[in-house]
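Peer 1: This is model.cif (mmCIF, C-alpha atoms).
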```
data_query
#
loop_
_atom_site.label_atom_id
_atom_site.label_comp_id
_atom_site.auth_asym_id
_atom_site.auth_seq_id
_atom_site.Cartn_x
_atom_site.Cartn_y
_atom_site.Cartn_z
CA MET A 1 -71.86 -33.72 -32.13
CA GLU A 2 -69.24 -32.45 -29.68
CA ARG A 3 -71.31 -29.39 -28.85
CA GLU A 4 -74.32 -31.56 -28.02
CA THR A 5 -72.41 -33.77 -25.61
CA HIS A 6 -70.49 -30.99 -23.85
CA LYS A 7 -70.62 -31.40 -20.09
CA CYS A 8 -70.46 -28.44 -17.76
CA ASP A 9 -68.13 -28.68 -14.77
CA THR A 10 -70.38 -26.73 -12.44
CA PRO A 11 -72.20 -28.96 -9.94
CA GLY A 12 -75.83 -29.35 -10.84
CA GLU A 13 -75.30 -28.33 -14.44
CA ARG A 14 -74.89 -31.82 -15.81
CA GLY A 15 -75.91 -33.02 -19.24
CA PRO A 16 -76.02 -31.44 -22.69
CA VAL A 17 -75.99 -27.68 -22.96
CA GLY A 18 -79.54 -26.33 -22.85
CA SER A 19 -80.92 -29.07 -20.58
CA PRO A 20 -82.66 -28.06 -17.33
CA ASN A 21 -80.29 -27.83 -14.38
CA ALA A 22 -80.21 -26.58 -10.82
CA PHE A 23 -79.64 -22.98 -11.89
CA THR A 24 -82.85 -23.16 -13.91
CA LEU A 25 -84.83 -23.57 -10.68
CA LEU A 26 -83.07 -20.89 -8.62
CA PRO A 27 -84.87 -17.80 -10.09
CA TRP A 28 -88.15 -19.13 -8.68
CA LEU A 29 -86.91 -18.01 -5.28
CA LEU A 30 -88.05 -14.53 -6.36
CA LEU A 31 -91.54 -15.69 -5.34
CA GLY A 32 -90.38 -15.08 -1.78
CA MET A 33 -89.40 -11.46 -2.38
CA GLY A 34 -92.66 -10.29 -0.82
CA ALA A 35 -91.75 -12.01 2.44
CA VAL A 36 -88.23 -10.55 2.26
CA SER A 37 -89.73 -7.07 1.79
CA ASN A 38 -91.96 -7.56 4.83
CA VAL A 39 -88.96 -8.46 6.97
CA LEU A 40 -86.85 -5.54 5.73
CA HIS A 41 -89.64 -3.04 6.32
CA GLY A 42 -90.49 -4.37 9.76
CA GLU A 43 -93.98 -5.44 8.72
CA THR A 44 -93.45 -8.92 10.11
CA PRO A 45 -93.81 -9.71 13.82
CA ASN A 46 -90.55 -10.97 15.29
CA PRO A 47 -88.55 -10.05 12.15
CA TRP A 48 -85.47 -11.92 13.37
CA VAL A 49 -87.46 -15.13 13.46
CA GLY A 50 -88.73 -14.41 9.94
CA ALA A 51 -85.19 -13.64 8.74
CA VAL A 52 -83.86 -16.91 10.15
CA GLY A 53 -86.78 -18.76 8.59
CA LEU A 54 -86.01 -17.21 5.21
CA LEU A 55 -82.34 -18.17 5.51
CA VAL A 56 -83.18 -21.76 6.44
CA PHE A 57 -85.81 -22.08 3.69
CA ASN A 58 -83.51 -20.71 0.97
CA SER A 59 -80.61 -22.90 2.13
CA LEU A 60 -82.72 -26.06 2.11
CA TYR A 61 -84.29 -25.18 -1.26
CA ILE A 62 -80.92 -24.55 -2.93
CA THR A 63 -79.50 -27.76 -1.45
CA LEU A 64 -82.44 -29.79 -2.74
CA VAL A 65 -82.44 -28.44 -6.30
CA PHE A 66 -78.72 -29.10 -6.66
CA ARG A 67 -79.02 -32.62 -5.28
CA ALA A 68 -82.01 -33.28 -7.53
CA PHE A 69 -79.78 -33.37 -10.63
CA HIS A 70 -77.46 -36.06 -9.28
CA PRO A 71 -79.26 -39.44 -9.28
CA GLN A 72 -77.32 -40.90 -6.36
CA ALA A 73 -77.68 -37.75 -4.25
CA ARG A 74 -81.36 -37.46 -5.17
CA GLU A 75 -82.10 -40.96 -3.84
CA ALA A 76 -80.03 -40.53 -0.68
CA PRO A 77 -81.86 -40.45 2.70
CA ALA A 78 -80.30 -37.07 3.46
CA THR A 79 -82.18 -35.56 0.52
CA ARG A 80 -85.48 -36.93 1.86
CA TRP A 81 -84.81 -35.43 5.27
CA CYS A 82 -83.95 -32.08 3.66
CA LEU A 83 -87.29 -32.17 1.85
CA VAL A 84 -89.14 -32.97 5.09
CA ALA A 85 -87.31 -30.12 6.84
CA LEU A 86 -88.23 -27.74 4.01
CA GLY A 87 -91.85 -28.78 4.38
CA LEU A 88 -91.84 -28.14 8.12
CA VAL A 89 -90.20 -24.73 7.70
CA THR A 90 -92.73 -23.80 4.99
CA CYS A 91 -95.68 -24.82 7.14
CA ALA A 92 -94.31 -22.96 10.17
CA LEU A 93 -93.73 -19.72 8.24
CA ALA A 94 -97.10 -19.94 6.47
CA LEU A 95 -98.96 -20.59 9.73
CA ALA A 96 -97.14 -17.79 11.53
CA TYR A 97 -97.33 -15.04 8.92
CA GLY A 98 -99.74 -15.98 6.07
CA ASP A 99 -100.13 -13.56 3.14
CA ASP A 100 -96.92 -13.44 1.02
CA TRP A 101 -95.40 -16.25 3.06
CA LEU A 102 -97.97 -18.64 1.57
CA LEU A 103 -96.10 -18.39 -1.73
CA PHE A 104 -93.44 -20.64 -0.26
CA PHE A 105 -95.84 -23.57 -0.85
CA PRO A 106 -95.44 -23.41 -4.67
CA LEU A 107 -91.66 -23.33 -4.09
CA LEU A 108 -92.00 -26.39 -1.87
CA GLY A 109 -94.02 -28.08 -4.64
CA LEU A 110 -91.31 -27.23 -7.15
CA ALA A 111 -88.59 -28.75 -4.94
CA THR A 112 -90.77 -31.80 -4.37
CA GLY A 113 -91.28 -32.28 -8.11
CA ALA A 114 -87.51 -32.04 -8.64
CA VAL A 115 -86.64 -34.61 -5.98
CA VAL A 116 -89.52 -37.11 -5.97
CA ARG A 117 -89.90 -39.13 -9.17
CA GLY A 118 -91.99 -42.02 -10.42
CA ARG A 119 -95.12 -43.40 -8.81
CA ARG A 120 -94.41 -41.78 -5.45
CA LEU A 121 -94.85 -38.30 -6.89
CA GLY A 122 -98.65 -38.42 -7.25
CA PRO A 123 -99.51 -39.31 -3.62
CA VAL A 124 -96.85 -36.96 -2.26
CA MET A 125 -98.10 -34.02 -4.34
CA LEU A 126 -101.74 -34.68 -3.43
CA GLY A 127 -100.86 -34.71 0.25
CA LEU A 128 -98.75 -31.56 -0.04
CA THR A 129 -101.45 -29.77 -2.01
CA ALA A 130 -104.08 -30.67 0.60
CA LEU A 131 -101.80 -29.40 3.38
CA ALA A 132 -101.12 -26.14 1.51
CA GLY A 133 -104.84 -25.67 0.90
CA ALA A 134 -105.71 -26.22 4.56
CA ILE A 135 -103.11 -23.76 5.86
CA ALA A 136 -103.88 -21.17 3.18
CA ALA A 137 -107.62 -21.45 3.92
CA LEU A 138 -106.97 -20.41 7.55
CA HIS A 139 -105.64 -17.07 6.28
CA LYS A 140 -107.48 -16.46 3.00
CA GLY A 141 -110.53 -18.65 2.93
CA TRP A 142 -111.63 -19.36 -0.67
CA ASP A 143 -108.86 -17.12 -1.96
CA ALA A 144 -106.51 -19.98 -1.06
CA LEU A 145 -107.41 -21.77 -4.31
CA GLY A 146 -104.58 -19.93 -6.08
CA ILE A 147 -102.04 -21.34 -3.59
CA VAL A 148 -103.52 -24.82 -4.01
CA TYR A 149 -103.37 -24.62 -7.80
CA GLY A 150 -99.85 -23.16 -7.80
CA THR A 151 -98.49 -25.79 -5.43
CA PHE A 152 -99.86 -28.75 -7.35
CA LEU A 153 -99.01 -27.36 -10.78
CA SER A 154 -95.44 -26.35 -9.89
CA GLY A 155 -94.62 -29.82 -8.60
CA MET A 156 -96.18 -31.81 -11.42
CA VAL A 157 -94.88 -29.60 -14.24
CA THR A 158 -91.36 -29.59 -12.78
CA ALA A 159 -91.35 -33.37 -12.49
CA ALA A 160 -92.65 -33.76 -16.06
CA ILE A 161 -90.07 -31.40 -17.55
CA LEU A 162 -87.16 -33.01 -15.70
CA ALA A 163 -88.33 -36.52 -16.60
CA LEU A 164 -88.59 -35.48 -20.26
CA ALA A 165 -85.12 -33.91 -20.14
CA GLU A 166 -83.65 -37.11 -18.69
CA THR A 167 -85.35 -39.17 -21.39
CA VAL A 168 -83.96 -36.91 -24.11
CA ARG A 169 -80.49 -37.14 -22.54
CA GLU A 170 -80.69 -40.94 -22.42
CA LEU A 171 -81.86 -41.08 -26.04
CA ARG A 172 -78.99 -38.83 -27.09
CA ASP A 173 -76.50 -40.98 -25.22
CA THR A 174 -77.99 -44.10 -26.78
CA ARG A 175 -77.76 -42.59 -30.24
CA GLN A 176 -74.10 -41.79 -29.68
CA GLU A 177 -73.43 -45.31 -28.42
CA LEU A 178 -75.15 -46.76 -31.48
CA ALA A 179 -73.08 -44.51 -33.73
CA ARG A 180 -69.86 -45.63 -32.02
CA ALA A 181 -70.96 -49.26 -32.27
CA ALA A 182 -71.69 -48.82 -35.99
CA VAL A 183 -68.23 -47.35 -36.53
CA ASP A 184 -66.62 -50.21 -34.58
CA GLN A 185 -68.59 -52.78 -36.58
CA GLU A 186 -67.53 -51.18 -39.85
CA ARG A 187 -63.90 -51.16 -38.77
CA LEU A 188 -64.16 -54.81 -37.77
CA ARG A 189 -65.82 -55.70 -41.07
CA PHE A 190 -63.14 -53.90 -43.04
CA SER A 191 -60.27 -55.44 -41.08
CA ARG A 192 -61.74 -58.91 -41.54
CA ASP A 193 -62.24 -58.40 -45.27
CA LEU A 194 -58.69 -57.10 -45.69
CA HIS A 195 -57.31 -60.05 -43.75
CA ASP A 196 -59.23 -62.49 -45.90
CA LEU A 197 -58.63 -60.82 -49.24
CA LEU A 198 -55.00 -59.81 -48.85
CA GLY A 199 -53.96 -62.92 -46.96
CA HIS A 200 -55.26 -65.23 -49.66
CA THR A 201 -54.25 -63.06 -52.62
CA LEU A 202 -50.71 -62.37 -51.44
CA SER A 203 -50.21 -66.05 -50.66
CA VAL A 204 -51.23 -66.98 -54.22
CA ILE A 205 -49.01 -64.26 -55.68
CA VAL A 206 -46.01 -65.42 -53.62
CA VAL A 207 -46.55 -69.06 -54.58
CA LYS A 208 -46.95 -68.28 -58.27
CA SER A 209 -43.95 -65.94 -58.22
CA GLU A 210 -41.79 -68.66 -56.71
CA ALA A 211 -43.07 -71.12 -59.33
CA ALA A 212 -42.28 -68.66 -62.14
CA ARG A 213 -38.75 -68.12 -60.78
CA ARG A 214 -38.12 -71.85 -60.55
CA ILE A 215 -39.31 -72.78 -64.04
CA ALA A 216 -38.18 -69.68 -65.94
CA PRO A 217 -34.65 -71.03 -66.73
CA ARG A 218 -36.01 -74.16 -68.36
CA ASP A 219 -39.50 -73.21 -69.63
CA ILE A 220 -40.06 -69.53 -70.28
CA GLY A 221 -43.55 -70.16 -71.66
CA ALA A 222 -44.72 -71.83 -68.44
CA ALA A 223 -43.14 -69.02 -66.44
CA LEU A 224 -45.02 -66.42 -68.46
CA GLU A 225 -48.24 -68.35 -67.81
CA GLN A 226 -47.59 -68.03 -64.08
CA VAL A 227 -46.93 -64.31 -64.54
CA ARG A 228 -50.24 -63.93 -66.39
CA ASP A 229 -51.94 -65.70 -63.47
CA ILE A 230 -50.27 -63.28 -61.07
CA GLU A 231 -51.60 -60.35 -63.12
CA SER A 232 -55.11 -61.86 -63.12
CA VAL A 233 -55.02 -62.46 -59.37
CA GLY A 234 -53.82 -58.90 -58.77
CA ARG A 235 -56.58 -57.38 -60.90
CA GLN A 236 -59.20 -59.50 -59.14
CA ALA A 237 -57.77 -58.42 -55.79
CA LEU A 238 -58.20 -54.75 -56.75
CA VAL A 239 -61.87 -55.38 -57.56
CA GLU A 240 -62.42 -57.24 -54.29
CA ILE A 241 -60.72 -54.56 -52.22
CA ARG A 242 -62.98 -51.91 -53.79
CA GLU A 243 -65.98 -54.08 -52.93
CA ALA A 244 -64.68 -54.51 -49.38
CA VAL A 245 -64.33 -50.73 -48.96
CA THR A 246 -67.92 -50.17 -50.04
CA GLY A 247 -69.24 -53.11 -48.03
CA TYR A 248 -70.51 -55.17 -50.95
CA ARG A 249 -67.92 -57.94 -50.86
CA GLU A 250 -69.53 -61.37 -50.73
CA ALA A 251 -67.76 -64.69 -50.88
CA SER A 252 -69.06 -67.15 -53.48
CA LEU A 253 -68.53 -70.80 -52.63
CA ALA A 254 -68.13 -71.86 -56.27
CA ALA A 255 -65.63 -69.07 -56.93
CA GLU A 256 -63.72 -69.84 -53.73
CA LEU A 257 -63.51 -73.54 -54.65
CA ASP A 258 -62.06 -72.62 -58.04
CA ARG A 259 -59.55 -70.26 -56.45
CA ALA A 260 -58.64 -72.85 -53.85
CA ARG A 261 -57.92 -75.40 -56.60
CA GLY A 262 -55.69 -72.92 -58.41
CA ALA A 263 -53.83 -71.81 -55.31
CA LEU A 264 -53.26 -75.35 -54.05
CA THR A 265 -52.10 -76.55 -57.45
CA ALA A 266 -49.67 -73.65 -57.81
CA ALA A 267 -48.25 -74.50 -54.38
CA GLY A 268 -47.68 -78.10 -55.42
CA ILE A 269 -50.59 -79.41 -53.38
CA GLU A 270 -52.97 -81.78 -55.14
CA PRO A 271 -56.57 -80.64 -54.53
CA SER A 272 -59.55 -82.94 -54.26
CA VAL A 273 -63.05 -81.44 -54.15
CA ARG A 274 -66.18 -83.52 -53.55
CA GLN A 275 -69.71 -82.14 -53.23
CA SER A 276 -72.84 -84.09 -52.44
CA GLY A 277 -76.41 -83.55 -51.31
CA LEU A 278 -78.75 -80.68 -52.08
CA PRO A 279 -77.74 -77.28 -53.49
CA LEU A 280 -76.91 -74.69 -50.85
CA PRO A 281 -78.84 -71.42 -50.39
CA PRO A 282 -76.72 -68.42 -51.49
CA GLN A 283 -76.14 -67.04 -48.01
CA THR A 284 -75.11 -70.40 -46.57
CA ALA A 285 -72.77 -70.90 -49.50
CA ALA A 286 -71.30 -67.43 -48.90
CA LEU A 287 -70.48 -68.22 -45.28
CA LEU A 288 -68.83 -71.51 -46.23
CA GLY A 289 -66.94 -69.71 -48.97
CA TRP A 290 -65.01 -67.79 -46.31
CA VAL A 291 -64.08 -71.08 -44.67
CA VAL A 292 -62.75 -72.52 -47.95
CA ARG A 293 -60.68 -69.41 -48.58
CA GLU A 294 -59.13 -69.33 -45.10
CA ALA A 295 -58.39 -73.04 -44.95
CA ALA A 296 -56.86 -73.10 -48.44
CA THR A 297 -54.74 -70.05 -47.64
CA ASN A 298 -53.42 -71.67 -44.48
CA ALA A 299 -52.66 -74.89 -46.34
CA VAL A 300 -50.69 -72.98 -48.99
CA ARG A 301 -48.80 -70.91 -46.44
CA HIS A 302 -48.04 -73.23 -43.61
CA SER A 303 -48.82 -76.88 -44.14
CA GLY A 304 -46.18 -78.20 -46.50
CA ALA A 305 -48.85 -80.67 -47.59
CA ALA A 306 -48.94 -82.88 -50.67
CA THR A 307 -52.73 -83.22 -50.83
CA CYS A 308 -55.75 -81.29 -49.63
CA GLU A 309 -59.28 -82.71 -49.62
CA ILE A 310 -62.38 -80.52 -49.58
CA GLU A 311 -65.66 -82.31 -48.84
CA LEU A 312 -69.05 -80.61 -48.79
CA HIS A 313 -72.37 -82.28 -47.98
CA ASN A 314 -75.83 -80.76 -47.53
CA ASP A 315 -78.61 -83.03 -46.25
CA GLY A 316 -81.20 -80.23 -46.41
CA GLU A 317 -80.99 -79.37 -42.73
CA ARG A 318 -77.26 -78.96 -42.08
CA ALA A 319 -74.35 -78.29 -44.39
CA ARG A 320 -71.01 -79.86 -43.43
CA LEU A 321 -67.68 -78.73 -44.90
CA VAL A 322 -64.48 -80.66 -44.10
CA ILE A 323 -61.07 -79.53 -45.37
CA THR A 324 -58.14 -81.85 -44.62
CA ASP A 325 -54.51 -81.57 -45.64
CA ASP A 326 -51.70 -84.04 -44.96
CA GLY A 327 -49.16 -81.39 -44.05
CA HIS A 328 -47.08 -80.81 -40.96
CA GLY A 329 -46.80 -77.04 -40.65
CA VAL A 330 -49.51 -76.08 -38.16
CA GLY A 331 -50.81 -79.33 -36.74
CA SER A 332 -49.64 -78.38 -33.26
CA ALA A 333 -49.96 -74.61 -33.52
CA PRO A 334 -52.75 -72.71 -31.72
CA PRO A 335 -55.60 -71.35 -33.83
CA GLY A 336 -54.91 -67.89 -35.18
CA SER A 337 -57.22 -64.94 -35.67
CA GLY A 338 -58.48 -66.13 -39.07
CA LEU A 339 -60.13 -69.31 -37.83
CA THR A 340 -61.13 -67.61 -34.58
CA GLY A 341 -63.00 -64.90 -36.50
CA LEU A 342 -64.66 -67.51 -38.70
CA ALA A 343 -65.72 -69.52 -35.65
CA GLU A 344 -67.36 -66.42 -34.16
CA ARG A 345 -69.17 -65.68 -37.37
CA LEU A 346 -70.47 -69.22 -37.85
CA ALA A 347 -71.52 -69.31 -34.19
CA ALA A 348 -73.64 -66.21 -34.82
CA ALA A 349 -75.37 -68.18 -37.59
CA GLY A 350 -75.99 -71.16 -35.31
CA GLY A 351 -73.10 -73.19 -36.70
CA THR A 352 -69.72 -74.44 -35.51
CA LEU A 353 -66.15 -74.43 -36.75
CA HIS A 354 -63.32 -76.55 -35.43
CA GLY A 355 -59.71 -76.72 -36.51
CA GLY A 356 -57.10 -79.17 -35.29
CA PRO A 357 -54.82 -82.09 -36.11
CA ALA A 358 -56.28 -84.70 -38.43
CA PRO A 359 -56.13 -88.40 -37.52
CA GLY A 360 -52.69 -89.66 -38.37
CA ARG A 361 -51.14 -86.55 -39.90
CA GLY A 362 -52.15 -83.15 -41.16
CA PHE A 363 -54.69 -80.55 -40.23
CA ARG A 364 -58.49 -80.59 -40.50
CA VAL A 365 -61.04 -77.78 -40.50
CA THR A 366 -64.67 -78.78 -39.99
CA ALA A 367 -67.57 -76.33 -40.41
CA GLU A 368 -71.26 -77.10 -39.88
CA LEU A 369 -74.21 -74.80 -40.48
CA PRO A 370 -77.97 -75.18 -40.16
CA VAL A 371 -79.00 -74.30 -43.69
CA GLU A 372 -82.05 -72.08 -43.06
CA ALA A 373 -80.67 -70.39 -39.94
CA ALA A 374 -77.41 -69.63 -41.69
CA GLY A 375 -79.21 -67.96 -44.56
CA GLU A 376 -81.35 -65.81 -42.28
CA GLN A 377 -78.43 -64.85 -40.04
CA ALA A 378 -76.21 -63.95 -42.98
CA LEU A 379 -78.92 -61.69 -44.32
CA ARG A 380 -79.17 -59.97 -40.97
CA ILE A 381 -75.41 -59.53 -40.72
CA GLU A 382 -75.28 -58.14 -44.24
CA GLY A 383 -78.02 -55.63 -43.47
CA VAL A 384 -76.38 -54.40 -40.26
CA GLU A 385 -72.69 -54.32 -40.98
CA GLY A 386 -72.05 -55.60 -44.50
CA VAL A 387 -70.75 -59.06 -45.28
CA GLU A 388 -67.71 -59.47 -43.06
CA GLY A 389 -64.38 -61.05 -43.80
CA VAL A 390 -62.38 -62.86 -41.16
CA LYS A 391 -60.86 -61.06 -38.23
CA GLY A 392 -57.12 -60.42 -38.06
CA SER A 393 -54.26 -59.38 -40.26
CA GLY A 394 -52.87 -62.40 -42.01
CA GLU A 395 -51.86 -64.57 -39.08
CA SER A 396 -51.54 -68.34 -39.24
CA ARG A 397 -54.13 -70.69 -37.89
#
```
Taking this structure as input, can you express it in the form of structure tokens?

Peer 2:
Amino acid sequence: MERETHKCDTPGERGPVGSPNAFTLLPWLLLGMGAVSNVLHGETPNPWVGAVGLLVFNSLYITLVFRAFHPQAREAPATRWCLVALGLVTCALALAYGDDWLLFFPLLGLATGAVVRGRRLGPVMLGLTALAGAIAALHKGWDALGIVYGTFLSGMVTAAILALAETVRELRDTRQELARAAVDQERLRFSRDLHDLLGHTLSVIVVKSEAARRIAPRDIGAALEQVRDIESVGRQALVEIREAVTGYREASLAAELDRARGALTAAGIEPSVRQSGLPLPPQTAALLGWVVREAATNAVRHSGAATCEIELHNDGERARLVITDDGHGVGSAPPGSGLTGLAERLAAAGGTLHGGPAPGRGFRVTAELPVEAAGEQALRIEGVEGVEGVKGSGESR
């Protein structure tokens, strides 16, 4: 991958190695070697004029082909004026000397194809080809067809090759951007899953460990029951982390409700779960399962609540989940990354999530989802980046 995207530092040699560049077009100047030979051997009238013409032509040609590979320079007015000047010099030399000097027209066509792109190229090349044919006909008659063909073909083929090279370069850049985006999405998915899994699991383990420590002196059997729960939670966490690594982790609403009951009870919070309305589609239930897990984890960690109510209703069009505790721990705290990540995810599915103080006392989390849209969006998310967890690393609300 690194070899494909290597950029050369030499001006005009931009893009992946192997792509056409300014140096690719320089060898075509050898077409003018016949004119150079005429000047050196004194076969050209006023050889100093011819020599100056050659110097000006070559300078303008080299300038144009280098500027042609820099989009901003290619579109600059100075480049257009250089091309016009090259055309005037070519016409002057061809009119004055003919013969080998007519070969500068294909070089002019090549420079034109390198600089002029898009819809303007066709009319420009037709006009240039007609001009080359008229001037060549003055010297060679019907033999000028070769100059006409060479001028038109050099310009059009050059433009086609450079346009294709730019398209390939853009596709390669796009592929690399998509690859980077896929990596970023996978990292985000993994970080969200770890936040959700470890945050909830460690909270349950801590709560149950504290409960076991408190009751061990007076009821060793109950303490051992808590220890067995800790072992079960740990084993389940290992399974979930493996699923998160492979991208197949999916929250189940029923399972999350059961876990929420257990975690809240172990923390000394009395849970109350009420469900009404129609059954939820699996993907909608999976999205709401993340909300139950995050809200229950926050209640266990931060609220100091005595009760926590979980209410779920599905009227067939929208599902509404409300989780309310009567605690005091985070009622005035700003939302943390867990709820923020959930809000982003539900928003992508056309839903909403709000967290804030409940009337009177406590904290309330309210999530709403359009049932069908949520299912379709969750399927799309799962196909692109795996089922995500919540963003962050175990922060509070």

Peer 1: Between A:Leu224, A:Ala111, A:Ala159, A:Ala96, which residue has the minimum interatomic distance to Thr79 of chain A, considering only C-alpha atoms?

Peer 2: A:Ala111

Peer 1: Using all atoms listed in the file, which residues sit within 9 Å of segment 269-280 of chain A once same-chain residues fewer than 5 positions away are excluded, as a list in words?

Peer 2: Leu257, Ala260, Arg261, Gly262, Ala263, Leu264, Ala285, Ala299, Val300, Gly304, Ala305, Ala306, Thr307, Cys308, Glu309, Ile310, Glu311, Leu312, His313, Asn314, Asp315, Gly316, Ala319, Asp325 and Val371 of chain A

Peer 1: For segment 54-61 of chain A, please output as a PyMOL selection string all residues within 12 Å (counting only C-alpha atoms; exclusion window: fewer than 5 positions along the same chain).

Peer 2: chain A and resi 22-23+25-40+47-49+66-68+78-94+101+104-112+114-115

Peer 1: Just give me the gap between atom CA of Asn46 of chain A and atom CA of Asp143 of chain A in Å, one decimal is fine.

Peer 2: 25.9 Å

Peer 1: Within 12 Å of Ala222 of chain A, counting all atoms listed in the file, which residues show up once you throw out same-chain ones fewer than 3 positions away? Write them as number ranges by chain, please.

Peer 2: A: 208-209, 211-219, 225-229, 266

Peer 1: Can you work out the spacing between atom CA of Glu368 of chain A and atom CA of Asn298 of chain A in Å, to one decimal?

Peer 2: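 It comes out at 19.2 Å.
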
Peer 1: To one decimal place in Å, what is the distance between atom CA of Ile205 of chain A and atom CA of Ala237 of chain A?

Peer 2: 10.5 Å

Peer 1: Would you list the residues near (-84.6, -43.2, -4.8) (no more than 12 Å away, in the coordinates of the file, using only C-alpha atoms) as a list in words?

Peer 2: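 Those residues, ordered by chain and then number, are Arg67, Ala68, His70, Pro71, Gln72, Ala73, Arg74, Glu75, Ala76, Pro77, Ala78, Thr79, Arg80, Val115, Val116, Arg117, Gly118, Arg119, Arg120 and Leu121 of chain A.
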
Peer 1: Store the residues picked out above in a file with C-alpha atoms, as a PDB file, in the coordinates of the input.

Peer 2:
```
ATOM      1  CA  ARG A  67     -79.020 -32.620  -5.280  1.00  0.00           C
ATOM      2  CA  ALA A  68     -82.010 -33.280  -7.530  1.00  0.00           C
ATOM      3  CA  HIS A  70     -77.460 -36.060  -9.280  1.00  0.00           C
ATOM      4  CA  PRO A  71     -79.260 -39.440  -9.280  1.00  0.00           C
ATOM      5  CA  GLN A  72     -77.320 -40.900  -6.360  1.00  0.00           C
ATOM      6  CA  ALA A  73     -77.680 -37.750  -4.250  1.00  0.00           C
ATOM      7  CA  ARG A  74     -81.360 -37.460  -5.170  1.00  0.00           C
ATOM      8  CA  GLU A  75     -82.100 -40.960  -3.840  1.00  0.00           C
ATOM      9  CA  ALA A  76     -80.030 -40.530  -0.680  1.00  0.00           C
ATOM     10  CA  PRO A  77     -81.860 -40.450   2.700  1.00  0.00           C
ATOM     11  CA  ALA A  78     -80.300 -37.070   3.460  1.00  0.00           C
ATOM     12  CA  THR A  79     -82.180 -35.560   0.520  1.00  0.00           C
ATOM     13  CA  ARG A  80     -85.480 -36.930   1.860  1.00  0.00           C
ATOM     14  CA  VAL A 115     -86.640 -34.610  -5.980  1.00  0.00           C
ATOM     15  CA  VAL A 116     -89.520 -37.110  -5.970  1.00  0.00           C
ATOM     16  CA  ARG A 117     -89.900 -39.130  -9.170  1.00  0.00           C
ATOM     17  CA  GLY A 118     -91.990 -42.020 -10.420  1.00  0.00           C
ATOM     18  CA  ARG A 119     -95.120 -43.400  -8.810  1.00  0.00           C
ATOM     19  CA  ARG A 120     -94.410 -41.780  -5.450  1.00  0.00           C
ATOM     20  CA  LEU A 121     -94.850 -38.300  -6.890  1.00  0.00           C
TER      21      LEU A 121
END
```

Peer 1: Using the chain letters and numbers from the file, which residues does the PyMOL selection byres ((chain A and resi 350-361) around 8) grab, as a list in words?

Peer 2: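 Listing what the PyMOL selection byres ((chain A and resi 350-361) around 8) selects in the shown file: Thr324, Asp326, Gly327, His328, Gly331, Ser332, Pro335, Leu339, Leu342, Ala343, Leu346, Ala347, Ala348, Ala349, Gly362, Phe363, Arg364, Val365, Thr366, Ala367, Glu368, Leu369, Pro370, Ala373 and Ala374 of chain A.
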
Peer 1: Find the residue from A:Glu317, A:Asp99, A:Pro123, A:Gly113 that sits nearest to Ala137 of chain A; use all atoms listed in the file when measuring.

Peer 2: A:Asp99

Peer 1: Counting all atoms listed in the file, which of A:Leu103, A:Ala223, A:Leu288, A:Leu321 gets nearest to Glu256 of chain A?

Peer 2: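 Of the candidates, the smallest distance to Glu256 of chain A is held by A:Leu288.
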
Peer 1: Check what the PyMOL selection byres ((chain A and resi 161-168) around 10) selects in the file above and give those residues as a compact mmCIF listing (two decimals) with C-alpha atoms, in the frame of the given file.

Peer 2:
```
# COMPACT_ATOMS: atom_id res chain seq x y z
CA GLY A 15 -75.91 -33.02 -19.24
CA PRO A 16 -76.02 -31.44 -22.69
CA GLY A 18 -79.54 -26.33 -22.85
CA SER A 19 -80.92 -29.07 -20.58
CA PRO A 20 -82.66 -28.06 -17.33
CA ASN A 21 -80.29 -27.83 -14.38
CA ALA A 68 -82.01 -33.28 -7.53
CA PHE A 69 -79.78 -33.37 -10.63
CA GLY A 113 -91.28 -32.28 -8.11
CA ALA A 114 -87.51 -32.04 -8.64
CA VAL A 115 -86.64 -34.61 -5.98
CA ARG A 117 -89.90 -39.13 -9.17
CA GLY A 118 -91.99 -42.02 -10.42
CA MET A 156 -96.18 -31.81 -11.42
CA VAL A 157 -94.88 -29.60 -14.24
CA THR A 158 -91.36 -29.59 -12.78
CA ALA A 159 -91.35 -33.37 -12.49
CA ALA A 160 -92.65 -33.76 -16.06
CA ARG A 169 -80.49 -37.14 -22.54
CA GLU A 170 -80.69 -40.94 -22.42
CA LEU A 171 -81.86 -41.08 -26.04
CA ARG A 172 -78.99 -38.83 -27.09
CA ASP A 173 -76.50 -40.98 -25.22
CA THR A 174 -77.99 -44.10 -26.78
```

Peer 1: Would you write out, as a count of residues only, every residue that the PyMOL selection byres ((chain A and resi 253) around 10) captures in this file?

Peer 2: 22
